[in-house]
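> So here's entry.csv, just CSV, C-alpha atoms and all ligand atoms:
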chain,number,residue,atom,x,y,z
M,6,MET,CA,104.4,95.4,70.9
M,7,ARG,CA,102.4,92.1,70.9
M,8,CYS,CA,99.7,90.8,73.2
M,9,ARG,CA,101.1,88.4,75.7
M,10,ARG,CA,98.2,86.0,75.3
M,11,CYS,CA,97.3,86.0,71.6
M,12,ARG,CA,100.3,87.7,69.9
M,13,GLU,CA,97.9,90.2,68.1
M,14,ALA,CA,99.0,93.9,68.1
M,15,ALA,CA,98.8,95.2,71.7
M,16,VAL,CA,96.9,98.4,72.7
M,17,ILE,CA,98.2,98.7,76.3
M,18,GLU,CA,101.4,97.9,78.1
M,19,LEU,CA,101.2,97.0,81.8
M,20,ARG,CA,104.7,97.3,83.2
M,21,GLN,CA,103.7,96.0,86.6
M,22,HIS,CA,102.8,92.7,85.0
M,23,ASN,CA,105.6,92.9,82.5
M,24,ALA,CA,103.0,92.4,79.8
M,25,ALA,CA,101.1,94.0,76.9
M,26,PHE,CA,97.5,93.1,75.8
M,27,CYS,CA,95.3,93.5,72.8
M,28,ALA,CA,91.8,95.0,73.5
M,29,SER,CA,90.0,91.8,74.0
M,30,CYS,CA,92.7,90.1,76.1
M,31,PHE,CA,93.0,93.3,78.2
M,32,LEU,CA,89.2,93.3,79.0
M,33,ARG,CA,89.6,89.6,79.9
M,34,HIS,CA,92.6,90.5,82.1
M,35,CYS,CA,90.5,93.1,84.0
M,36,ARG,CA,87.6,90.7,84.6
M,37,GLU,CA,90.1,88.1,85.7
M,38,GLN,CA,91.7,90.4,88.2
M,39,VAL,CA,88.3,91.2,89.7
M,40,ARG,CA,87.3,87.5,89.8
M,41,ARG,CA,90.6,86.7,91.5
M,42,ALA,CA,90.1,89.4,94.1
M,43,ILE,CA,86.6,88.2,94.9
M,44,GLU,CA,87.8,84.6,95.3
M,45,GLN,CA,91.0,85.5,97.2
M,46,PHE,CA,89.2,87.5,99.9
M,47,SER,CA,85.8,85.6,99.8
M,48,MET,CA,84.0,88.8,98.8
M,49,LEU,CA,80.9,87.5,97.2
M,50,ALA,CA,78.8,84.4,96.9
M,51,SER,CA,77.1,83.8,93.6
M,52,SER,CA,73.6,84.3,95.1
M,53,ASP,CA,74.5,87.6,96.9
M,54,ARG,CA,72.4,90.7,96.0
M,55,VAL,CA,75.1,93.3,95.4
M,56,LEU,CA,74.6,97.1,95.8
M,57,VAL,CA,77.3,98.9,93.8
M,58,ALA,CA,78.0,102.4,95.0
M,59,VAL,CA,78.4,104.4,91.8
M,60,SER,CA,79.7,108.0,91.4
M,61,GLY,CA,79.6,108.2,87.6
M,62,GLY,CA,83.4,107.8,87.5
M,63,LYS,CA,85.5,105.2,85.8
M,64,ASP,CA,86.1,103.0,88.8
M,65,SER,CA,82.5,102.5,90.0
M,66,LEU,CA,81.0,102.2,86.5
M,67,GLY,CA,83.8,99.8,85.5
M,68,LEU,CA,83.2,97.8,88.6
M,69,TRP,CA,79.5,97.6,88.0
M,70,ASP,CA,80.1,96.5,84.4
M,71,ILE,CA,82.5,93.8,85.4
M,72,LEU,CA,80.3,92.5,88.2
M,73,LEU,CA,77.3,92.2,85.7
M,74,ASP,CA,79.5,90.4,83.2
M,75,LEU,CA,80.8,88.0,85.9
M,76,GLY,CA,77.1,87.2,86.6
M,77,TYR,CA,76.5,88.9,90.0
M,78,PRO,CA,73.0,90.3,90.3
M,79,SER,CA,74.0,93.9,90.9
M,80,GLU,CA,72.1,97.1,91.3
M,81,GLY,CA,73.6,100.6,91.6
M,82,LEU,CA,73.3,103.3,94.2
M,83,TYR,CA,74.0,106.9,93.3
M,84,VAL,CA,74.2,109.6,96.0
M,85,GLY,CA,73.7,113.2,94.7
M,86,LEU,CA,76.1,115.4,96.7
M,87,GLY,CA,75.1,118.8,95.3
M,88,ILE,CA,78.7,119.6,94.4
M,89,GLY,CA,79.2,122.4,91.8
M,90,ASP,CA,75.4,122.8,91.4
M,91,GLY,CA,75.6,126.4,92.6
M,92,THR,CA,78.8,127.2,90.7
M,93,ALA,CA,78.5,129.5,87.7
M,94,GLU,CA,78.8,127.9,84.4
M,95,GLY,CA,82.4,127.9,83.1
M,96,GLU,CA,83.8,127.9,86.6
M,97,PRO,CA,85.9,124.9,87.7
M,98,GLY,CA,83.6,122.1,89.0
M,99,SER,CA,80.4,123.7,87.7
M,100,GLY,CA,77.6,121.1,87.6
M,101,TYR,CA,79.9,118.3,88.9
M,102,SER,CA,77.1,116.4,90.7
M,103,ARG,CA,74.6,116.9,87.8
M,104,SER,CA,77.1,115.4,85.3
M,105,SER,CA,78.1,112.5,87.5
M,106,GLY,CA,74.5,111.6,88.2
M,107,ALA,CA,73.8,111.8,84.4
M,108,ALA,CA,76.7,109.4,83.7
M,109,ALA,CA,75.4,106.9,86.3
M,110,ARG,CA,71.9,107.0,84.9
M,111,ALA,CA,73.1,106.6,81.3
M,112,PHE,CA,75.0,103.5,82.3
M,113,ALA,CA,72.1,102.0,84.2
M,114,ALA,CA,69.7,102.7,81.2
M,115,ALA,CA,72.2,101.2,78.7
M,116,ARG,CA,72.6,98.0,80.7
M,117,GLY,CA,69.0,97.8,81.7
M,118,VAL,CA,69.7,97.7,85.4
M,119,ARG,CA,68.2,99.4,88.4
M,120,LEU,CA,69.8,102.5,89.9
M,121,VAL,CA,68.7,103.5,93.4
M,122,GLU,CA,69.1,107.3,94.0
M,123,ILE,CA,69.5,109.4,97.1
M,124,ASP,CA,69.8,113.2,96.9
M,125,LEU,CA,71.6,114.8,99.8
M,126,PRO,CA,70.1,118.3,99.2
M,127,GLY,CA,66.6,117.1,98.3
M,128,ASP,CA,66.4,114.3,101.0
M,129,TYR,CA,68.5,115.8,103.8
M,130,GLY,CA,68.5,119.5,103.2
M,131,PHE,CA,72.2,120.2,102.5
M,132,ASP,CA,74.8,119.9,99.8
M,133,VAL,CA,78.4,118.9,100.6
M,134,PRO,CA,80.2,122.3,100.2
M,135,THR,CA,77.6,124.3,102.2
M,136,GLY,CA,76.8,121.6,104.8
M,137,ALA,CA,80.5,121.0,105.5
M,138,ALA,CA,81.2,124.7,106.0
M,139,ALA,CA,78.1,125.0,108.3
M,140,ALA,CA,79.2,122.0,110.3
M,141,ARG,CA,82.8,123.2,110.2
M,142,ARG,CA,84.1,120.0,108.7
M,143,ALA,CA,86.4,119.5,105.7
M,144,PRO,CA,84.2,118.7,102.6
M,145,CYS,CA,85.7,115.3,102.0
M,146,SER,CA,85.2,114.4,105.7
M,147,ALA,CA,81.5,115.4,105.6
M,148,CYS,CA,81.1,113.7,102.2
M,149,GLY,CA,82.8,110.5,103.3
M,150,LEU,CA,80.8,110.3,106.5
M,151,SER,CA,77.5,110.9,104.6
M,152,LYS,CA,78.2,108.3,101.9
M,153,ARG,CA,79.3,105.6,104.4
M,154,HIS,CA,76.0,106.1,106.3
M,155,LEU,CA,73.8,106.3,103.3
M,156,PHE,CA,75.4,103.3,101.5
M,157,ASN,CA,74.8,101.2,104.6
M,158,GLN,CA,71.3,102.4,105.2
M,159,ALA,CA,70.3,101.9,101.5
M,160,ALA,CA,71.7,98.4,101.6
M,161,LEU,CA,69.7,97.6,104.8
M,162,ASP,CA,66.5,99.1,103.4
M,163,GLY,CA,66.8,97.3,100.1
M,164,ARG,CA,67.9,94.0,101.8
M,165,TYR,CA,71.1,93.7,99.8
M,166,ASP,CA,73.7,91.3,101.1
M,167,VAL,CA,76.8,93.3,100.2
M,168,VAL,CA,77.9,96.9,99.3
M,169,ALA,CA,80.6,97.0,96.6
M,170,THR,CA,82.7,100.2,96.2
M,171,GLY,CA,85.1,101.2,93.4
M,172,HIS,CA,88.2,101.7,95.5
M,173,ASN,CA,91.1,100.6,93.3
M,174,LEU,CA,94.8,99.7,94.0
M,175,ASP,CA,95.9,103.3,93.7
M,176,ASP,CA,93.3,104.4,96.3
M,177,GLU,CA,94.1,101.6,98.7
M,178,ALA,CA,97.9,102.1,98.4
M,179,ALA,CA,97.5,105.9,98.9
M,180,VAL,CA,95.3,105.4,102.0
M,181,LEU,CA,97.8,102.8,103.4
M,182,PHE,CA,100.7,105.2,102.7
M,183,GLY,CA,98.9,108.0,104.6
M,184,ASN,CA,98.1,105.8,107.5
M,185,THR,CA,101.6,104.4,107.6
M,186,LEU,CA,103.2,107.9,107.5
M,187,ARG,CA,101.3,108.8,110.7
M,188,TRP,CA,101.1,105.3,112.2
M,189,ASN,CA,97.4,105.5,112.5
M,190,THR,CA,97.3,102.0,114.0
M,191,GLU,CA,93.5,101.6,114.4
M,192,TYR,CA,93.0,102.6,110.8
M,193,LEU,CA,95.7,100.2,109.7
M,194,GLY,CA,93.8,97.5,111.6
M,195,ARG,CA,90.7,98.2,109.6
M,196,GLN,CA,92.2,98.7,106.1
M,197,LEU,CA,90.9,95.5,104.5
M,198,PRO,CA,89.4,94.7,101.1
M,199,VAL,CA,86.4,93.2,103.0
M,200,LEU,CA,84.6,94.5,106.0
M,201,PRO,CA,82.3,91.9,107.5
M,202,GLY,CA,78.7,92.8,108.2
M,203,GLY,CA,76.7,92.4,111.4
M,204,ASP,CA,75.5,94.5,114.3
M,205,GLY,CA,73.7,96.9,111.9
M,206,PHE,CA,76.4,97.0,109.3
M,207,VAL,CA,76.1,95.5,105.8
M,208,LYS,CA,79.2,93.7,104.5
M,209,LYS,CA,81.5,96.0,102.3
M,210,VAL,CA,83.8,94.8,99.6
M,211,LYS,CA,86.4,96.4,97.3
M,212,PRO,CA,86.7,94.1,94.3
M,213,LEU,CA,89.0,96.5,92.3
M,214,VAL,CA,92.0,96.2,94.6
M,215,ARG,CA,94.0,94.3,92.0
M,216,LEU,CA,93.5,97.0,89.3
M,217,GLY,CA,95.0,100.4,89.0
M,218,GLU,CA,93.4,103.7,87.9
M,219,ARG,CA,95.0,103.5,84.5
M,220,GLU,CA,93.6,100.0,83.9
M,221,LEU,CA,90.1,101.2,84.9
M,222,ALA,CA,90.3,104.2,82.6
M,223,ALA,CA,91.4,102.0,79.7
M,224,TYR,CA,88.8,99.4,80.5
M,225,CYS,CA,86.0,102.0,80.3
M,226,VAL,CA,87.3,103.5,77.1
M,227,LEU,CA,87.5,100.1,75.4
M,228,ARG,CA,84.0,99.1,76.7
M,229,GLY,CA,82.6,102.5,75.5
M,230,ILE,CA,81.5,103.5,79.0
M,231,ASP,CA,80.9,107.2,79.2
M,232,TYR,CA,82.2,108.1,82.6
M,233,ILE,CA,82.8,111.6,84.2
M,234,VAL,CA,86.4,112.4,83.6
M,235,GLU,CA,86.5,115.6,85.7
M,236,GLU,CA,87.8,115.2,89.2
M,237,CYS,CA,85.6,116.4,92.1
M,238,PRO,CA,86.5,120.1,92.7
M,239,MET,CA,86.6,119.4,96.4
M,240,ALA,CA,89.6,117.1,96.0
M,241,ALA,CA,91.9,120.0,95.0
M,242,GLY,CA,95.0,120.2,97.3
M,243,ASN,CA,93.9,117.0,99.1
M,244,ARG,CA,96.7,115.1,100.9
M,245,HIS,CA,95.4,111.9,99.3
M,246,LEU,CA,96.2,113.2,95.8
M,247,GLY,CA,99.7,114.0,97.0
M,248,TYR,CA,100.2,110.4,98.3
M,249,LYS,CA,99.0,109.1,94.9
M,250,GLU,CA,101.6,111.3,93.1
M,251,ALA,CA,104.4,110.1,95.4
M,252,LEU,CA,103.4,106.5,94.8
M,253,ASN,CA,103.2,107.1,91.1
M,254,ALA,CA,106.8,108.4,91.1
M,255,ILE,CA,107.9,105.3,93.0
M,256,GLU,CA,105.9,103.0,90.6
M,257,GLU,CA,107.6,104.7,87.6
M,258,ARG,CA,111.0,103.7,88.8
M,259,SER,CA,109.9,100.4,90.3
M,260,PRO,CA,106.9,98.8,88.4
M,261,GLY,CA,104.8,96.7,90.8
M,262,ALA,CA,105.8,98.7,93.9
M,263,LYS,CA,102.2,99.7,94.7
M,264,HIS,CA,100.9,96.2,94.4
M,265,ALA,CA,103.7,94.8,96.6
M,266,PHE,CA,103.2,97.6,99.2
M,267,TYR,CA,99.5,96.9,99.5
M,268,PHE,CA,99.4,93.1,99.2
M,269,GLU,CA,102.4,92.5,101.3
M,270,PHE,CA,100.8,94.7,104.0
M,271,LEU,CA,97.7,92.5,103.8
M,272,ALA,CA,99.7,89.3,103.9
M,273,ARG,CA,102.3,90.1,106.5
M,274,ALA,CA,101.3,93.1,108.6
M,275,SER,CA,97.6,93.8,108.7
M,276,THR,CA,96.8,91.1,111.3
M,277,LEU,CA,99.3,92.8,113.7
M,278,PHE,CA,97.1,95.9,113.8
M,279,ARG,CA,93.7,94.1,113.8
M,280,PRO,CA,93.4,93.9,117.7
M,281,LEU,CA,93.8,97.7,117.9
M,282,ALA,CA,90.8,98.2,115.5
M,283,VAL,CA,88.7,95.7,117.4
M,284,ALA,CA,89.5,97.3,120.8
M,285,GLU,CA,88.0,100.6,119.5
M,286,HIS,CA,84.5,99.1,119.6
M,287,GLU,CA,85.0,96.8,122.6
M,288,GLY,CA,82.3,98.7,124.6
M,289,GLY,CA,79.7,97.6,122.0
M,290,LEU,CA,77.5,99.8,119.9
M,291,ALA,CA,74.3,101.6,120.9
M,292,ARG,CA,71.5,102.7,118.5
M,293,CYS,CA,71.2,106.3,117.3
M,294,ALA,CA,68.4,108.0,119.1
M,295,SER,CA,67.4,109.7,115.8
M,296,CYS,CA,67.8,107.1,113.1
M,297,GLY,CA,68.5,103.8,114.8
M,298,SER,CA,71.9,103.3,113.2
M,299,PRO,CA,74.8,101.7,115.2
M,300,THR,CA,76.8,104.4,117.0
M,301,THR,CA,79.2,104.8,119.9
M,302,GLY,CA,77.3,107.9,121.1
M,303,GLU,CA,73.7,108.9,121.7
M,304,VAL,CA,73.2,110.3,118.2
M,305,CYS,CA,75.2,108.9,115.2
M,306,ALA,CA,77.7,111.0,113.3
M,307,PHE,CA,75.5,111.4,110.3
M,308,CYS,CA,72.4,112.7,112.2
M,309,SER,CA,74.7,115.0,114.1
M,310,LEU,CA,76.1,116.3,110.8
M,311,VAL,CA,72.6,116.8,109.3
M,312,ALA,CA,71.6,118.8,112.4
M,313,ARG,CA,74.7,121.1,112.1
M,314,ALA,CA,74.6,121.3,108.3
M,315,THR,CA,71.0,122.5,108.3
M,316,ASP,CA,71.1,124.8,111.3
M,317,PRO,CA,69.8,128.2,110.2
M,318,ASP,CA,72.3,130.2,112.3
M,319,ARG,CA,75.2,128.2,111.0
M,320,LEU,CA,74.0,128.6,107.4
M,321,ALA,CA,73.6,132.3,107.9
M,322,ALA,CA,77.2,132.5,109.0
M,323,VAL,CA,78.3,130.5,106.0
M,324,SER,CA,76.5,132.9,103.6
M,325,VAL,CA,78.1,135.9,105.3
M,326,GLY,CA,81.5,134.1,104.7
M,327,LEU,CA,80.6,133.5,101.1
M,328,GLY,CA,79.7,137.1,100.6
M,329,ARG,CA,83.1,138.1,102.0
M,330,THR,CA,84.7,135.7,99.6
M,331,ARG,CA,82.8,137.3,96.7
M,332,ARG,CA,84.1,140.7,97.7
M,333,GLY,CA,87.7,139.3,97.6
M,334,GLY,CA,88.1,138.3,101.2
M,335,ARG,CA,89.1,135.0,102.8
M,336,ARG,CA,87.7,131.8,101.2
M,337,GLY,CA,84.4,131.0,103.0
M,338,VAL,CA,84.1,127.4,101.8
M,339,PRO,CA,87.2,125.2,102.2
M,340,GLY,CA,88.3,123.8,98.8
M,341,GLY,CA,89.7,120.5,100.0
M,342,ALA,CA,90.2,118.3,103.0
M,343,ALA,CA,93.8,118.4,104.2
M,344,GLY,CA,93.6,115.0,105.9
M,345,SER,CA,90.8,113.1,104.3
M,346,ALA,CA,90.8,110.8,101.4
M,347,PRO,CA,88.5,111.6,98.5
M,348,GLY,CA,85.9,109.3,97.1
M,349,GLY,CA,84.8,108.3,100.5
M,350,ALA,CA,88.0,106.4,100.9
M,351,SER,CA,88.4,107.5,104.4
M,352,VAL,CA,91.7,106.7,106.2
M,353,ALA,CA,89.7,104.3,108.2
M,354,GLY,CA,89.3,102.3,105.0
M,401,LIG,FE1,83.3,113.7,98.3
M,401,LIG,FE2,85.3,112.6,96.9
M,401,LIG,FE3,84.5,115.1,96.4
M,401,LIG,FE4,85.8,114.6,98.6
M,401,LIG,S1,86.6,114.4,96.6
M,401,LIG,S2,84.0,115.8,98.4
M,401,LIG,S3,85.0,112.6,99.2
M,401,LIG,S4,83.3,113.2,96.1
Is it possible to express this structure as structure tokens?
Ligand code: SF4


Amino acid sequence: MRCRRCREAAVIELRQHNAAFCASCFLRHCREQVRRAIEQFSMLASSDRVLVAVSGGKDSLGLWDILLDLGYPSEGLYVGLGIGDGTAEGEPGSGYSRSSGAAARAFAAARGVRLVEIDLPGDYGFDVPTGAAAARRAPCSACGLSKRHLFNQAALDGRYDVVATGHNLDDEAAVLFGNTLRWNTEYLGRQLPVLPGGDGFVKKVKPLVRLGERELAAYCVLRGIDYIVEECPMAAGNRHLGYKEALNAIEERSPGAKHAFYFEFLARASTLFRPLAVAEHEGGLARCASCGSPTTGEVCAFCSLVARATDPDRLAAVSVGLGRTRRGGRRGVPGGAAGSAPGGASVAG
């Protein structure tokens, strides 16, 4: 197998491109895909200050690395979620957030770039598993809501122009698949690689939409980026993972199917759903009485979550539930969100 560009020995085959690449041409290919996505969807201007949301995983660290190499002045934002911090050593998911934070910090130190940190337990008084149970929300739903709010707030506070997230082609195709299966038309109207800013929202972009998970993993390995390989323990049994598996089976038989599904949707169908997404906010947005963020109600969803997730009565009920679990009863803390997409990739996109 020879590299398509230079005819050296290839290290990776990409069936969707009907091509194979050597290490150096593959890294060039990844950067080129990100550059093309940025240009195709007018994601970034060269002077934009970019805040990259990093989780310590391959996608976000790979994205940060590529943006730096492409010359965009980028800083990172890591949100500590407190996942697995209370889990006994040796148990699945033990120390998940500690390890992911360490990977993000190590990358920032190695590249000499700034990492902004927010700690959900330390700064807001709850971790995702306990807070979600107290608020009676699925963990991925509470987590996604928290991250969307905190990314936006951190970008406003730090006067960044854009927030960039590591959603890749597999993520976007899986979210599209889930929304199409249920014809969630408002969500389909908002599933775009760029969400414009304004009215209290900072512009959000997804520069990895032309690259798949396998390409990102290979990119990080070849670049020597030490990312957290372990999946978040909260994702177990998640519908989103099921959609990814289904799409992988289709891709196996029909290379390029994921790319066609997502990009043909953007080219031919997404505008048809756009008016439905716009109609949702037609009444305009108010300001949260607690934090000042844009909201459709009196208090924004995040402040309402914080209030419920830190309510002493609710927390006491959760610890009773956990005690019952330890004695062999019903699970007190749900292990996965049936209808939410992990990684903050909400079905709303
Ligand atoms: Fe949050 Fe992703 Fe874990 Fe769900 S899978 S809890 S969204 S980090």

> Show me a table, sorted first by chain and then by increasing residue number, of the residues of range 134-187 of chain M having an atom at most 6 Å from range 53-59 of chain M, each with its shortest atom pair and the distance in Å to one decimal, counting only C-alpha atoms and written as a Markdown table.


| residue | atom | partner | partner_atom | distance |
| --- | --- | --- | --- | --- |
| M:Tyr165 | CA | M:Arg54 | CA | 5.0 |
| M:Asp166 | CA | M:Arg54 | CA | 5.3 |
| M:Val167 | CA | M:Val55 | CA | 5.1 |
| M:Val168 | CA | M:Leu56 | CA | 4.8 |
| M:Ala169 | CA | M:Val57 | CA | 4.7 |
| M:Thr170 | CA | M:Ala58 | CA | 5.3 |

> Go through M:Ala251, M:Cys225, M:Ala137, M:Leu32 and flag the residue nearest Leu66 in chain M, using only C-alpha atoms for the distances.

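Among the listed residues, the smallest separation from Leu66 in chain M belongs to M:Cys225.
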
> Report as a compact mmCIF listing (two decimals) with C-alpha atoms, in the coordinates of the input all protein, DNA and RNA residues lying within 12 Å of Ser298 in chain M, evaluated on only C-alpha atoms, omitting residues in the same chain fewer than 2 positions from it.


# COMPACT_ATOMS: atom_id res chain seq x y z
CA ARG M 153 79.30 105.60 104.40
CA HIS M 154 76.00 106.10 106.30
CA LEU M 155 73.80 106.30 103.30
CA ASN M 157 74.80 101.20 104.60
CA GLN M 158 71.30 102.40 105.20
CA ALA M 159 70.30 101.90 101.50
CA LEU M 161 69.70 97.60 104.80
CA ASP M 162 66.50 99.10 103.40
CA ASP M 204 75.50 94.50 114.30
CA GLY M 205 73.70 96.90 111.90
CA PHE M 206 76.40 97.00 109.30
CA VAL M 207 76.10 95.50 105.80
CA LEU M 290 77.50 99.80 119.90
CA ALA M 291 74.30 101.60 120.90
CA ARG M 292 71.50 102.70 118.50
CA CYS M 293 71.20 106.30 117.30
CA ALA M 294 68.40 108.00 119.10
CA SER M 295 67.40 109.70 115.80
CA CYS M 296 67.80 107.10 113.10
CA THR M 300 76.80 104.40 117.00
CA THR M 301 79.20 104.80 119.90
CA GLY M 302 77.30 107.90 121.10
CA GLU M 303 73.70 108.90 121.70
CA VAL M 304 73.20 110.30 118.20
CA CYS M 305 75.20 108.90 115.20
CA ALA M 306 77.70 111.00 113.30
CA PHE M 307 75.50 111.40 110.30
CA CYS M 308 72.40 112.70 112.20

> Could you jot down the atom S3 of ligand LIG 401 (chain M) to CA of Ala240 in chain M separation for me, Å, one decimal place?

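Answer for the atom S3 of ligand LIG 401 (chain M) to CA of Ala240 in chain M separation: 7.2 Å.
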
> One decimal, in Å: what's the spacing between CA of Leu271 in chain M and CA of Arg187 in chain M?

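We find that CA of Leu271 in chain M and CA of Arg187 in chain M lie 18.1 Å from each other.
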
> Give me the residues near range 86-96 of chain M as a PyMOL selection string, where near means some atom within 10 Å (using only C-alpha atoms) and where sequence neighbours in that chain fewer than 3 positions away do not count.

chain M and resi 60+83+99-106+123-127+131-135+144+148+151-152+237-239

> What does the distance between CA of Cys35 in chain M and CA of Glu218 in chain M come to in Å, to one decimal place?

11.7 Å

> Might you pull out every residue within 8 Å of Ile17 in chain M, with only C-alpha atoms counted and same-chain residues fewer than 3 positions away left off, and present them as an NGL selection string?

:M and (25-28 or 31)

> Which residue gives the smallest distance to ligand LIG 401 (chain M) among M:Glu18, M:Glu37, M:Glu236, M:Asp128, with all atoms listed in the file counted?

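When distances to ligand LIG 401 (chain M) are compared using all atoms listed in the file, the smallest one comes from M:Glu236.
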
> Measuring between only C-alpha atoms and all ligand atoms, which one of M:Thr276, M:Ser29, M:Asn243, M:Gln38 shows the shortest distance to ligand LIG 401 (chain M)?

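For ligand LIG 401 (chain M), the nearest of the candidates is M:Asn243.
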
> From the options M:Arg7, M:Arg142, M:Arg273, M:Lys211, which residue's atoms come nearest to ligand LIG 401 (chain M), counting all atoms listed in the file?

M:Arg142

> When distances are computed from only C-alpha atoms, which of M:Gly85, M:Pro212, M:Gly136, M:Pro78 shows the smallest separation from Val323 in chain M?

M:Gly136

> Could you pull the residues within 9 Å of range 252-264 of chain M, counting all atoms listed in the file, minus those fewer than 4 positions along the same chain, as a CSV table (one decimal) with C-alpha atoms, in the coordinates of the input?


chain,number,residue,atom,x,y,z
M,19,LEU,CA,101.2,97.0,81.8
M,20,ARG,CA,104.7,97.3,83.2
M,21,GLN,CA,103.7,96.0,86.6
M,22,HIS,CA,102.8,92.7,85.0
M,23,ASN,CA,105.6,92.9,82.5
M,174,LEU,CA,94.8,99.7,94.0
M,175,ASP,CA,95.9,103.3,93.7
M,178,ALA,CA,97.9,102.1,98.4
M,179,ALA,CA,97.5,105.9,98.9
M,182,PHE,CA,100.7,105.2,102.7
M,214,VAL,CA,92.0,96.2,94.6
M,215,ARG,CA,94.0,94.3,92.0
M,247,GLY,CA,99.7,114.0,97.0
M,248,TYR,CA,100.2,110.4,98.3
M,268,PHE,CA,99.4,93.1,99.2
M,269,GLU,CA,102.4,92.5,101.3

> List as a PyMOL selection string the protein and nucleic acid residues near Val234 in chain M, meaning an atom at most 9 Å away when all atoms listed in the file are counted, but skip any in the same chain fewer than 3 places from it.

chain M and resi 61-63+231

> Ranking M:Ser309, M:Asn173, M:Ser146, M:Ser65 by minimum distance to ligand LIG 401 (chain M) and counting all atoms listed in the file, which one comes first?

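Ranking M:Ser309, M:Asn173, M:Ser146, M:Ser65 by distance to ligand LIG 401 (chain M), first place goes to M:Ser146.
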
> Complete range 8-19 of chain M at the level of N, CA and C atoms, written as a PDB file, keeping the file's coordinate frame.


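Result file is selection-v2.pdb:
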ATOM      1  N   CYS M   8     100.471  91.292  72.003  1.00  0.00           N
ATOM      2  CA  CYS M   8      99.700  90.800  73.200  1.00  0.00           C
ATOM      3  C   CYS M   8     100.338  89.568  73.733  1.00  0.00           C
ATOM      4  N   ARG M   9     100.452  89.543  75.082  1.00  0.00           N
ATOM      5  CA  ARG M   9     101.100  88.400  75.700  1.00  0.00           C
ATOM      6  C   ARG M   9     100.310  87.112  75.502  1.00  0.00           C
ATOM      7  N   ARG M  10      98.983  87.225  75.393  1.00  0.00           N
ATOM      8  CA  ARG M  10      98.200  86.000  75.300  1.00  0.00           C
ATOM      9  C   ARG M  10      98.024  85.498  73.857  1.00  0.00           C
ATOM     10  N   CYS M  11      97.675  86.451  72.913  1.00  0.00           N
ATOM     11  CA  CYS M  11      97.300  86.000  71.600  1.00  0.00           C
ATOM     12  C   CYS M  11      98.249  86.403  70.473  1.00  0.00           C
ATOM     13  N   ARG M  12      99.227  87.240  70.832  1.00  0.00           N
ATOM     14  CA  ARG M  12     100.300  87.700  69.900  1.00  0.00           C
ATOM     15  C   ARG M  12      99.716  88.685  68.832  1.00  0.00           C
ATOM     16  N   GLU M  13      98.450  89.123  69.011  1.00  0.00           N
ATOM     17  CA  GLU M  13      97.900  90.200  68.100  1.00  0.00           C
ATOM     18  C   GLU M  13      98.612  91.510  68.553  1.00  0.00           C
ATOM     19  N   ALA M  14      98.367  92.591  67.761  1.00  0.00           N
ATOM     20  CA  ALA M  14      99.000  93.900  68.100  1.00  0.00           C
ATOM     21  C   ALA M  14      98.380  94.341  69.471  1.00  0.00           C
ATOM     22  N   ALA M  15      99.255  94.791  70.380  1.00  0.00           N
ATOM     23  CA  ALA M  15      98.800  95.200  71.700  1.00  0.00           C
ATOM     24  C   ALA M  15      98.335  96.648  71.710  1.00  0.00           C
ATOM     25  N   VAL M  16      97.366  96.970  72.592  1.00  0.00           N
ATOM     26  CA  VAL M  16      96.900  98.400  72.700  1.00  0.00           C
ATOM     27  C   VAL M  16      97.308  98.969  74.044  1.00  0.00           C
ATOM     28  N   ILE M  17      97.783  98.160  74.965  1.00  0.00           N
ATOM     29  CA  ILE M  17      98.200  98.700  76.300  1.00  0.00           C
ATOM     30  C   ILE M  17      99.322  97.858  76.845  1.00  0.00           C
ATOM     31  N   GLU M  18     100.267  98.569  77.465  1.00  0.00           N
ATOM     32  CA  GLU M  18     101.400  97.900  78.100  1.00  0.00           C
ATOM     33  C   GLU M  18     101.191  98.036  79.638  1.00  0.00           C
ATOM     34  N   LEU M  19     101.330  96.961  80.378  1.00  0.00           N
ATOM     35  CA  LEU M  19     101.200  97.000  81.800  1.00  0.00           C
ATOM     36  C   LEU M  19     102.573  96.608  82.410  1.00  0.00           C
TER      37      LEU M  19
END
